[in-house]
file run_8.pdb (PDB, C-alpha atoms)
ATOM      1  CA  MET A   1     -95.154 -88.992-106.909
ATOM      2  CA  THR A   2     -92.842 -88.389-103.939
ATOM      3  CA  THR A   3     -90.510 -91.024-102.527
ATOM      4  CA  SER A   4     -92.827 -91.469 -99.582
ATOM      5  CA  GLU A   5     -95.816 -91.985-101.898
ATOM      6  CA  GLU A   6     -93.853 -94.467-103.981
ATOM      7  CA  GLU A   7     -92.952 -96.434-100.854
ATOM      8  CA  ILE A   8     -96.593 -96.523 -99.791
ATOM      9  CA  ALA A   9     -97.686 -97.724-103.245
ATOM     10  CA  LEU A  10     -95.056-100.449-103.253
ATOM     11  CA  ALA A  11     -96.053-101.485 -99.765
ATOM     12  CA  ASP A  12     -99.673-101.685-100.895
ATOM     13  CA  ALA A  13     -98.648-103.787-103.884
ATOM     14  CA  ASP A  14     -96.645-106.173-101.719
ATOM     15  CA  ALA A  15     -99.286-106.510 -99.001
ATOM     16  CA  PRO A  16    -101.557-109.568 -98.921
ATOM     17  CA  TYR A  17    -104.927-108.715-100.438
ATOM     18  CA  HIS A  18    -108.195-109.803 -98.916
ATOM     19  CA  HIS A  19    -109.109-110.963-102.439
ATOM     20  CA  GLY A  20    -106.526-113.731-102.142
ATOM     21  CA  ASN A  21    -104.937-113.751-105.584
ATOM     22  CA  LEU A  22    -104.959-110.204-106.941
ATOM     23  CA  ARG A  23    -104.167-111.262-110.489
ATOM     24  CA  GLU A  24    -107.144-113.605-110.625
ATOM     25  CA  ALA A  25    -109.349-111.019-108.927
ATOM     26  CA  LEU A  26    -108.363-108.446-111.547
ATOM     27  CA  LEU A  27    -109.097-110.844-114.390
ATOM     28  CA  ALA A  28    -112.450-111.858-112.929
ATOM     29  CA  ARG A  29    -113.497-108.247-112.445
ATOM     30  CA  ALA A  30    -112.201-107.345-115.909
ATOM     31  CA  GLU A  31    -114.301-110.088-117.482
ATOM     32  CA  ASP A  32    -117.372-108.793-115.656
ATOM     33  CA  VAL A  33    -116.744-105.280-116.969
ATOM     34  CA  LEU A  34    -116.076-106.636-120.458
ATOM     35  CA  ALA A  35    -119.390-108.502-120.450
ATOM     36  CA  THR A  36    -121.455-105.567-119.203
ATOM     37  CA  SER A  37    -119.713-102.475-120.597
ATOM     38  CA  GLY A  38    -117.296-103.608-123.316
ATOM     39  CA  ALA A  39    -113.536-103.535-123.718
ATOM     40  CA  ASP A  40    -113.382 -99.733-124.002
ATOM     41  CA  SER A  41    -114.506 -99.478-120.379
ATOM     42  CA  LEU A  42    -111.561-101.484-119.062
ATOM     43  CA  SER A  43    -108.723 -99.725-117.280
ATOM     44  CA  LEU A  44    -106.261-100.886-114.645
ATOM     45  CA  ARG A  45    -106.973 -97.863-112.476
ATOM     46  CA  ALA A  46    -110.736 -98.511-112.494
ATOM     47  CA  LEU A  47    -110.211-102.191-111.704
ATOM     48  CA  ALA A  48    -107.960-101.285-108.791
ATOM     49  CA  ARG A  49    -110.641 -98.931-107.469
ATOM     50  CA  ASP A  50    -113.316-101.615-107.847
ATOM     51  CA  LEU A  51    -111.208-104.094-105.870
ATOM     52  CA  GLY A  52    -110.202-101.608-103.212
ATOM     53  CA  VAL A  53    -106.440-101.708-103.827
ATOM     54  CA  SER A  54    -103.948 -98.983-104.681
ATOM     55  CA  HIS A  55    -103.833 -97.859-108.297
ATOM     56  CA  ALA A  56    -100.227 -99.091-108.459
ATOM     57  CA  ALA A  57    -101.031-102.636-107.342
ATOM     58  CA  PRO A  58    -102.226-104.018-110.726
ATOM     59  CA  GLY A  59     -98.873-103.025-112.226
ATOM     60  CA  ARG A  60     -97.279-105.971-110.462
ATOM     61  CA  HIS A  61     -99.274-108.304-112.713
ATOM     62  CA  PHE A  62    -100.011-106.329-115.892
ATOM     63  CA  ARG A  63     -97.602-103.829-117.345
ATOM     64  CA  ASP A  64    -100.427-101.991-119.120
ATOM     65  CA  ARG A  65    -104.014-102.292-120.304
ATOM     66  CA  GLN A  66    -103.038-104.338-123.366
ATOM     67  CA  ALA A  67    -101.337-106.910-121.166
ATOM     68  CA  LEU A  68    -104.602-107.252-119.246
ATOM     69  CA  LEU A  69    -106.575-107.739-122.480
ATOM     70  CA  ASP A  70    -104.084-110.339-123.693
ATOM     71  CA  ALA A  71    -104.365-112.202-120.391
ATOM     72  CA  LEU A  72    -108.155-112.228-120.725
ATOM     73  CA  ALA A  73    -107.800-113.674-124.232
ATOM     74  CA  VAL A  74    -105.335-116.328-123.054
ATOM     75  CA  GLY A  75    -107.705-117.338-120.280
ATOM     76  CA  GLY A  76    -110.615-117.458-122.704
ATOM     77  CA  PHE A  77    -108.846-119.705-125.188
ATOM     78  CA  THR A  78    -107.638-121.936-122.357
ATOM     79  CA  ARG A  79    -111.206-122.450-121.147
ATOM     80  CA  LEU A  80    -112.606-122.912-124.638
ATOM     81  CA  ASN A  81    -109.971-125.484-125.528
ATOM     82  CA  ALA A  82    -110.638-127.362-122.296
ATOM     83  CA  ARG A  83    -114.323-127.606-123.195
ATOM     84  CA  LEU A  84    -113.529-128.806-126.706
ATOM     85  CA  ARG A  85    -111.104-131.437-125.375
ATOM     86  CA  ALA A  86    -113.710-132.632-122.885
ATOM     87  CA  ALA A  87    -116.184-133.142-125.729
ATOM     88  CA  VAL A  88    -113.568-134.983-127.792
ATOM     89  CA  GLY A  89    -112.735-137.203-124.821
ATOM     90  CA  ASP A  90    -116.314-138.290-124.217
ATOM     91  CA  SER A  91    -117.214-141.905-124.826
ATOM     92  CA  GLY A  92    -119.373-142.863-127.766
ATOM     93  CA  PRO A  93    -119.194-142.801-131.565
ATOM     94  CA  VAL A  94    -116.971-140.235-133.211
ATOM     95  CA  THR A  95    -119.961-138.485-134.793
ATOM     96  CA  THR A  96    -121.495-138.025-131.354
ATOM     97  CA  ARG A  97    -118.243-136.457-130.182
ATOM     98  CA  LEU A  98    -118.138-134.164-133.223
ATOM     99  CA  ALA A  99    -121.648-132.976-132.386
ATOM    100  CA  GLY A 100    -120.645-132.551-128.735
ATOM    101  CA  MET A 101    -117.699-130.412-129.750
ATOM    102  CA  GLY A 102    -120.021-128.230-131.814
ATOM    103  CA  ARG A 103    -122.376-127.788-128.879
ATOM    104  CA  ALA A 104    -119.464-126.934-126.595
ATOM    105  CA  TYR A 105    -118.336-124.172-128.939
ATOM    106  CA  ILE A 106    -121.822-122.722-129.361
ATOM    107  CA  ASP A 107    -122.453-122.786-125.595
ATOM    108  CA  PHE A 108    -119.182-120.960-124.919
ATOM    109  CA  ALA A 109    -119.634-118.463-127.746
ATOM    110  CA  VAL A 110    -123.144-117.507-126.670
ATOM    111  CA  ALA A 111    -122.364-117.354-122.945
ATOM    112  CA  HIS A 112    -119.150-115.346-123.424
ATOM    113  CA  ALA A 113    -119.724-113.337-126.603
ATOM    114  CA  PRO A 114    -117.737-110.197-125.630
ATOM    115  CA  LEU A 115    -114.852-112.361-124.412
ATOM    116  CA  LEU A 116    -114.836-114.414-127.622
ATOM    117  CA  SER A 117    -114.715-111.241-129.696
ATOM    118  CA  LEU A 118    -111.776-110.014-127.631
ATOM    119  CA  MET A 119    -110.048-113.392-127.998
ATOM    120  CA  PHE A 120    -110.102-113.270-131.794
ATOM    121  CA  THR A 121    -109.144-109.601-131.909
ATOM    122  CA  ALA A 122    -106.157-110.192-129.621
ATOM    123  CA  LYS A 123    -105.093-113.329-131.503
ATOM    124  CA  HIS A 124    -104.924-111.516-134.846
ATOM    125  CA  ALA A 125    -103.274-108.356-133.521
ATOM    126  CA  ASP A 126     -99.885-107.540-135.029
ATOM    127  CA  ARG A 127     -98.177-107.832-131.645
ATOM    128  CA  SER A 128    -100.014-110.901-130.355
ATOM    129  CA  SER A 129     -97.878-113.189-128.209
ATOM    130  CA  ALA A 130     -96.719-116.622-129.296
ATOM    131  CA  GLU A 131     -98.699-118.110-126.408
ATOM    132  CA  LEU A 132    -101.889-116.427-127.558
ATOM    133  CA  ARG A 133    -101.438-117.485-131.182
ATOM    134  CA  GLU A 134    -100.698-121.059-130.128
ATOM    135  CA  LEU A 135    -103.746-121.278-127.875
ATOM    136  CA  GLY A 136    -105.916-119.804-130.606
ATOM    137  CA  HIS A 137    -104.649-122.348-133.117
ATOM    138  CA  GLN A 138    -105.214-125.239-130.706
ATOM    139  CA  SER A 139    -108.985-124.920-131.077
ATOM    140  CA  LEU A 140    -108.670-125.718-134.776
ATOM    141  CA  GLU A 141    -106.160-128.505-134.098
ATOM    142  CA  ILE A 142    -108.508-130.197-131.611
ATOM    143  CA  ALA A 143    -111.292-130.230-134.182
ATOM    144  CA  ALA A 144    -108.974-131.321-136.998
ATOM    145  CA  GLU A 145    -107.668-134.260-134.974
ATOM    146  CA  LEU A 146    -111.186-135.530-134.305
ATOM    147  CA  ILE A 147    -112.134-135.098-137.955
ATOM    148  CA  ALA A 148    -109.025-137.050-138.970
ATOM    149  CA  LEU A 149    -110.117-139.852-136.650
ATOM    150  CA  ALA A 150    -113.584-139.784-138.210
ATOM    151  CA  GLN A 151    -111.982-140.043-141.643
ATOM    152  CA  ARG A 152    -110.030-143.106-140.573
ATOM    153  CA  GLU A 153    -113.296-144.653-139.386
ATOM    154  CA  GLY A 154    -114.874-143.897-142.756
ATOM    155  CA  VAL A 155    -117.608-141.571-141.498
ATOM    156  CA  VAL A 156    -116.215-138.254-142.775
ATOM    157  CA  ARG A 157    -115.332-137.441-146.349
ATOM    158  CA  ALA A 158    -111.731-137.239-147.527
ATOM    159  CA  GLY A 159    -109.980-133.899-147.448
ATOM    160  CA  ASP A 160    -107.623-131.775-145.413
ATOM    161  CA  PRO A 161    -108.858-132.151-141.798
ATOM    162  CA  ALA A 162    -107.808-128.583-141.000
ATOM    163  CA  ARG A 163    -109.845-127.192-143.900
ATOM    164  CA  LEU A 164    -112.856-129.265-142.889
ATOM    165  CA  ALA A 165    -112.439-128.061-139.307
ATOM    166  CA  GLN A 166    -112.443-124.442-140.510
ATOM    167  CA  VAL A 167    -115.743-125.018-142.312
ATOM    168  CA  ALA A 168    -117.195-126.721-139.243
ATOM    169  CA  PHE A 169    -116.169-123.772-137.064
ATOM    170  CA  SER A 170    -117.756-121.352-139.534
ATOM    171  CA  VAL A 171    -121.099-123.129-139.099
ATOM    172  CA  VAL A 172    -121.162-123.180-135.303
ATOM    173  CA  HIS A 173    -119.631-119.702-135.001
ATOM    174  CA  GLY A 174    -122.188-118.310-137.411
ATOM    175  CA  LEU A 175    -125.063-119.819-135.474
ATOM    176  CA  ALA A 176    -123.685-118.446-132.218
ATOM    177  CA  ALA A 177    -123.393-114.978-133.781
ATOM    178  CA  LEU A 178    -127.033-115.123-134.879
ATOM    179  CA  ALA A 179    -128.079-116.150-131.376
ATOM    180  CA  VAL A 180    -126.079-113.368-129.729
ATOM    181  CA  GLY A 181    -127.565-110.863-132.163
ATOM    182  CA  SER A 182    -131.115-112.101-131.401
ATOM    183  CA  LEU A 183    -131.499-113.029-135.079
ATOM    184  CA  LEU A 184    -132.914-116.524-134.624
ATOM    185  CA  GLU A 185    -136.364-114.959-134.226
ATOM    186  CA  ASP A 186    -138.708-117.539-132.683
ATOM    187  CA  THR A 187    -136.395-120.534-133.154
ATOM    188  CA  PRO A 188    -135.041-121.788-129.797
ATOM    189  CA  LEU A 189    -131.255-121.942-129.702
ATOM    190  CA  GLU A 190    -131.255-125.618-128.732
ATOM    191  CA  GLU A 191    -133.419-126.513-131.720
ATOM    192  CA  ALA A 192    -131.305-124.401-134.076
ATOM    193  CA  THR A 193    -128.149-125.999-132.692
ATOM    194  CA  GLU A 194    -129.341-129.540-133.320
ATOM    195  CA  LEU A 195    -130.492-128.705-136.845
ATOM    196  CA  ALA A 196    -127.215-126.976-137.669
ATOM    197  CA  LEU A 197    -125.214-129.941-136.384
ATOM    198  CA  ASP A 198    -127.324-132.393-138.384
ATOM    199  CA  VAL A 199    -126.740-130.355-141.535
ATOM    200  CA  LEU A 200    -123.031-130.028-140.750
ATOM    201  CA  LEU A 201    -122.511-133.732-140.101
ATOM    202  CA  THR A 202    -124.444-134.615-143.227
ATOM    203  CA  GLY A 203    -122.276-132.256-145.229
ATOM    204  CA  LEU A 204    -119.154-133.812-143.770
ATOM    205  CA  GLY A 205    -120.418-137.220-144.833
ATOM    206  CA  ALA A 206    -121.300-138.215-141.274
ATOM    207  CA  ALA A 207    -125.077-138.180-141.338
ATOM    208  CA  GLY A 208    -126.883-139.103-138.148
ATOM    209  CA  ARG A 209    -125.761-139.361-134.555
ATOM    210  CA  THR A 210    -124.109-142.756-134.839
ATOM    211  CA  PRO A 211    -122.014-144.488-137.545
TER     212      PRO A 211
END

call {"tool": "encode", "arguments": {"input": "run_8.pdb", "output": "structure tokens"}}
result
Amino acid sequence: MTTSEEEIALADADAPYHHGNLREALLARAEDVLATSGADSLSLRALARDLGVSHAAPGRHFRDRQALLDALAVGGFTRLNARLRAAVGDSGPVTTRLAGMGRAYIDFAVAHAPLLSLMFTAKHADRSSAELRELGHQSLEIAAELIALAQREGVVRAGDPARLAQVAFSVVHGLAALAVGSLLEDTPLEEATELALDVLLTGLGAAGRTP
């Protein structure tokens, strides 16, 4: 690239975009591509073309493709954790809130299956960032804290809350995976969700919707 071309690219990158916030526009478009075509189809150059900006412009926000993928994962965990916290913060008995947290996870996992897969892949990568690992761990911590509260109220069996939370996540994650893979056959997802949560709460020692 000549000096003149470099100056033009930098000018493009510094100019105000009609998209408003280019970083958010890139992430939104990237999530659309991820959902429809998969992670292998993502590239900064293609996103720039889709948004009508210079190919150099995304470099102001993401140093490379991996940085973009990590940002998608961070955003995904942030949204998932917000949904889990909202369920935990609802009024009502602790068992109702545990069930609500399970529904929140299943809803997110089914609606954003490619993103969730990317989130876990990025979290467990050798070079994952501290921020990404922390956000990924927060999901388990949110569940463990609610389980610990349920234990104090005498509606969940004794045991390490984190271990119990892992088992709980395995149930709701497994159901979501079956739904995404169209493996529930003729069972509606809502019905399967309620049955799975009943079985889970019973197994935790918290049978029923209320103490």

call {"tool": "axis_aligned_box", "arguments": {"input": "run_8.pdb", "around": "segment 183-190 of chain A", "padding_each_side": "5 Å", "output": "lines of an AutoDock Vina configuration file"}}
result
center_x = -135.0
center_y = -119.3
center_z = -131.9
size_x = 17.5
size_y = 22.6
size_z = 16.3

call {"tool": "atom_distance", "arguments": {"input": "run_8.pdb", "atom1": "atom CA of Glu190 of chain A", "atom2": "atom CA of Met101 of chain A"}}
result
14.4 Å

call {"tool": "resolve_selection", "arguments": {"input": "run_8.pdb", "expression": "the PyMOL selection byres ((chain A and resi 78-81) around 8)", "output": "number ranges by chain"}}
result
A: 74-77, 82-85, 105, 108, 135, 138-139, 142

call {"tool": "closest_residue", "arguments": {"input": "run_8.pdb", "among": "A:Gly52, A:Gly205, A:Pro114, A:Gly174", "to": "Ala73 of chain A", "atoms": "only C-alpha atoms"}}
result
A:Pro114

call {"tool": "closest_residue", "arguments": {"input": "run_8.pdb", "among": "A:Gly89, A:Thr187, A:Arg63, A:Ala35", "to": "Ser117 of chain A", "atoms": "only C-alpha atoms"}}
result
A:Ala35

call {"tool": "decode", "arguments": {"input": "run_8.pdb", "residues": "segment 90-118 of chain A", "atoms": "N, CA, C and O atoms", "output": "PDB file, in the first residue's frame"}}
result
ATOM      1  N   ASP A  90     -35.406 -12.454  40.764  1.00  0.00           N
ATOM      2  CA  ASP A  90     -36.869 -12.431  40.790  1.00  0.00           C
ATOM      3  C   ASP A  90     -37.389 -12.674  42.204  1.00  0.00           C
ATOM      4  O   ASP A  90     -36.719 -13.301  43.036  1.00  0.00           O
ATOM      5  N   SER A  91     -38.595 -12.206  42.451  1.00  0.00           N
ATOM      6  CA  SER A  91     -39.225 -12.483  43.738  1.00  0.00           C
ATOM      7  C   SER A  91     -39.765 -13.908  43.741  1.00  0.00           C
ATOM      8  O   SER A  91     -39.895 -14.538  42.688  1.00  0.00           O
ATOM      9  N   GLY A  92     -40.071 -14.415  44.911  1.00  0.00           N
ATOM     10  CA  GLY A  92     -40.634 -15.747  44.996  1.00  0.00           C
ATOM     11  C   GLY A  92     -39.702 -16.712  45.681  1.00  0.00           C
ATOM     12  O   GLY A  92     -38.549 -16.387  46.005  1.00  0.00           O
ATOM     13  N   PRO A  93     -40.164 -17.938  45.916  1.00  0.00           N
ATOM     14  CA  PRO A  93     -39.372 -18.956  46.602  1.00  0.00           C
ATOM     15  C   PRO A  93     -38.084 -19.264  45.845  1.00  0.00           C
ATOM     16  O   PRO A  93     -38.007 -19.092  44.626  1.00  0.00           O
ATOM     17  N   VAL A  94     -37.105 -19.743  46.561  1.00  0.00           N
ATOM     18  CA  VAL A  94     -35.807 -20.004  45.950  1.00  0.00           C
ATOM     19  C   VAL A  94     -35.912 -21.099  44.892  1.00  0.00           C
ATOM     20  O   VAL A  94     -35.194 -21.067  43.886  1.00  0.00           O
ATOM     21  N   THR A  95     -36.792 -22.079  45.085  1.00  0.00           N
ATOM     22  CA  THR A  95     -36.940 -23.124  44.082  1.00  0.00           C
ATOM     23  C   THR A  95     -37.519 -22.575  42.778  1.00  0.00           C
ATOM     24  O   THR A  95     -37.157 -23.023  41.692  1.00  0.00           O
ATOM     25  N   THR A  96     -38.404 -21.605  42.894  1.00  0.00           N
ATOM     26  CA  THR A  96     -38.950 -20.955  41.705  1.00  0.00           C
ATOM     27  C   THR A  96     -37.850 -20.216  40.957  1.00  0.00           C
ATOM     28  O   THR A  96     -37.797 -20.217  39.718  1.00  0.00           O
ATOM     29  N   ARG A  97     -36.955 -19.597  41.699  1.00  0.00           N
ATOM     30  CA  ARG A  97     -35.841 -18.874  41.072  1.00  0.00           C
ATOM     31  C   ARG A  97     -34.830 -19.829  40.446  1.00  0.00           C
ATOM     32  O   ARG A  97     -34.247 -19.542  39.388  1.00  0.00           O
ATOM     33  N   LEU A  98     -34.620 -20.988  41.076  1.00  0.00           N
ATOM     34  CA  LEU A  98     -33.749 -22.003  40.473  1.00  0.00           C
ATOM     35  C   LEU A  98     -34.329 -22.464  39.139  1.00  0.00           C
ATOM     36  O   LEU A  98     -33.604 -22.587  38.145  1.00  0.00           O
ATOM     37  N   ALA A  99     -35.633 -22.729  39.118  1.00  0.00           N
ATOM     38  CA  ALA A  99     -36.278 -23.134  37.872  1.00  0.00           C
ATOM     39  C   ALA A  99     -36.191 -22.019  36.828  1.00  0.00           C
ATOM     40  O   ALA A  99     -35.938 -22.270  35.648  1.00  0.00           O
ATOM     41  N   GLY A 100     -36.378 -20.771  37.264  1.00  0.00           N
ATOM     42  CA  GLY A 100     -36.286 -19.643  36.346  1.00  0.00           C
ATOM     43  C   GLY A 100     -34.908 -19.507  35.741  1.00  0.00           C
ATOM     44  O   GLY A 100     -34.762 -19.166  34.562  1.00  0.00           O
ATOM     45  N   MET A 101     -33.885 -19.781  36.556  1.00  0.00           N
ATOM     46  CA  MET A 101     -32.519 -19.721  36.044  1.00  0.00           C
ATOM     47  C   MET A 101     -32.293 -20.805  34.996  1.00  0.00           C
ATOM     48  O   MET A 101     -31.640 -20.579  33.976  1.00  0.00           O
ATOM     49  N   GLY A 102     -32.867 -21.995  35.236  1.00  0.00           N
ATOM     50  CA  GLY A 102     -32.753 -23.063  34.257  1.00  0.00           C
ATOM     51  C   GLY A 102     -33.424 -22.701  32.943  1.00  0.00           C
ATOM     52  O   GLY A 102     -32.876 -22.949  31.861  1.00  0.00           O
ATOM     53  N   ARG A 103     -34.601 -22.115  33.035  1.00  0.00           N
ATOM     54  CA  ARG A 103     -35.303 -21.691  31.814  1.00  0.00           C
ATOM     55  C   ARG A 103     -34.505 -20.629  31.066  1.00  0.00           C
ATOM     56  O   ARG A 103     -34.445 -20.626  29.830  1.00  0.00           O
ATOM     57  N   ALA A 104     -33.920 -19.701  31.812  1.00  0.00           N
ATOM     58  CA  ALA A 104     -33.142 -18.630  31.188  1.00  0.00           C
ATOM     59  C   ALA A 104     -31.972 -19.207  30.401  1.00  0.00           C
ATOM     60  O   ALA A 104     -31.671 -18.755  29.286  1.00  0.00           O
ATOM     61  N   TYR A 105     -31.311 -20.215  30.974  1.00  0.00           N
ATOM     62  CA  TYR A 105     -30.178 -20.816  30.271  1.00  0.00           C
ATOM     63  C   TYR A 105     -30.657 -21.544  29.018  1.00  0.00           C
ATOM     64  O   TYR A 105     -30.058 -21.391  27.940  1.00  0.00           O
ATOM     65  N   ILE A 106     -31.702 -22.334  29.142  1.00  0.00           N
ATOM     66  CA  ILE A 106     -32.198 -23.084  27.990  1.00  0.00           C
ATOM     67  C   ILE A 106     -32.642 -22.137  26.880  1.00  0.00           C
ATOM     68  O   ILE A 106     -32.323 -22.350  25.700  1.00  0.00           O
ATOM     69  N   ASP A 107     -33.363 -21.076  27.245  1.00  0.00           N
ATOM     70  CA  ASP A 107     -33.821 -20.105  26.237  1.00  0.00           C
ATOM     71  C   ASP A 107     -32.639 -19.506  25.487  1.00  0.00           C
ATOM     72  O   ASP A 107     -32.661 -19.384  24.257  1.00  0.00           O
ATOM     73  N   PHE A 108     -31.600 -19.106  26.242  1.00  0.00           N
ATOM     74  CA  PHE A 108     -30.425 -18.505  25.603  1.00  0.00           C
ATOM     75  C   PHE A 108     -29.708 -19.522  24.734  1.00  0.00           C
ATOM     76  O   PHE A 108     -29.325 -19.230  23.591  1.00  0.00           O
ATOM     77  N   ALA A 109     -29.513 -20.728  25.259  1.00  0.00           N
ATOM     78  CA  ALA A 109     -28.752 -21.747  24.544  1.00  0.00           C
ATOM     79  C   ALA A 109     -29.419 -22.162  23.242  1.00  0.00           C
ATOM     80  O   ALA A 109     -28.746 -22.414  22.234  1.00  0.00           O
ATOM     81  N   VAL A 110     -30.737 -22.228  23.243  1.00  0.00           N
ATOM     82  CA  VAL A 110     -31.463 -22.615  22.038  1.00  0.00           C
ATOM     83  C   VAL A 110     -31.500 -21.468  21.031  1.00  0.00           C
ATOM     84  O   VAL A 110     -31.326 -21.671  19.827  1.00  0.00           O
ATOM     85  N   ALA A 111     -31.706 -20.253  21.524  1.00  0.00           N
ATOM     86  CA  ALA A 111     -31.810 -19.094  20.627  1.00  0.00           C
ATOM     87  C   ALA A 111     -30.464 -18.696  20.041  1.00  0.00           C
ATOM     88  O   ALA A 111     -30.409 -18.106  18.952  1.00  0.00           O
ATOM     89  N   HIS A 112     -29.368 -19.007  20.741  1.00  0.00           N
ATOM     90  CA  HIS A 112     -28.041 -18.559  20.306  1.00  0.00           C
ATOM     91  C   HIS A 112     -27.051 -19.722  20.304  1.00  0.00           C
ATOM     92  O   HIS A 112     -25.937 -19.599  20.828  1.00  0.00           O
ATOM     93  N   ALA A 113     -27.440 -20.836  19.717  1.00  0.00           N
ATOM     94  CA  ALA A 113     -26.609 -22.041  19.758  1.00  0.00           C
ATOM     95  C   ALA A 113     -25.204 -21.850  19.168  1.00  0.00           C
ATOM     96  O   ALA A 113     -24.214 -22.229  19.803  1.00  0.00           O
ATOM     97  N   PRO A 114     -25.052 -21.262  17.975  1.00  0.00           N
ATOM     98  CA  PRO A 114     -23.700 -21.075  17.443  1.00  0.00           C
ATOM     99  C   PRO A 114     -22.851 -20.156  18.332  1.00  0.00           C
ATOM    100  O   PRO A 114     -21.658 -20.397  18.512  1.00  0.00           O
ATOM    101  N   LEU A 115     -23.482 -19.127  18.887  1.00  0.00           N
ATOM    102  CA  LEU A 115     -22.754 -18.216  19.771  1.00  0.00           C
ATOM    103  C   LEU A 115     -22.317 -18.941  21.036  1.00  0.00           C
ATOM    104  O   LEU A 115     -21.183 -18.779  21.500  1.00  0.00           O
ATOM    105  N   LEU A 116     -23.194 -19.753  21.614  1.00  0.00           N
ATOM    106  CA  LEU A 116     -22.844 -20.479  22.836  1.00  0.00           C
ATOM    107  C   LEU A 116     -21.681 -21.428  22.587  1.00  0.00           C
ATOM    108  O   LEU A 116     -20.770 -21.545  23.413  1.00  0.00           O
ATOM    109  N   SER A 117     -21.688 -22.092  21.451  1.00  0.00           N
ATOM    110  CA  SER A 117     -20.580 -22.980  21.103  1.00  0.00           C
ATOM    111  C   SER A 117     -19.269 -22.198  21.010  1.00  0.00           C
ATOM    112  O   SER A 117     -18.229 -22.631  21.519  1.00  0.00           O
ATOM    113  N   LEU A 118     -19.328 -21.034  20.367  1.00  0.00           N
ATOM    114  CA  LEU A 118     -18.149 -20.186  20.267  1.00  0.00           C
ATOM    115  C   LEU A 118     -17.688 -19.729  21.655  1.00  0.00           C
ATOM    116  O   LEU A 118     -16.482 -19.697  21.942  1.00  0.00           O
TER     117      LEU A 118
END
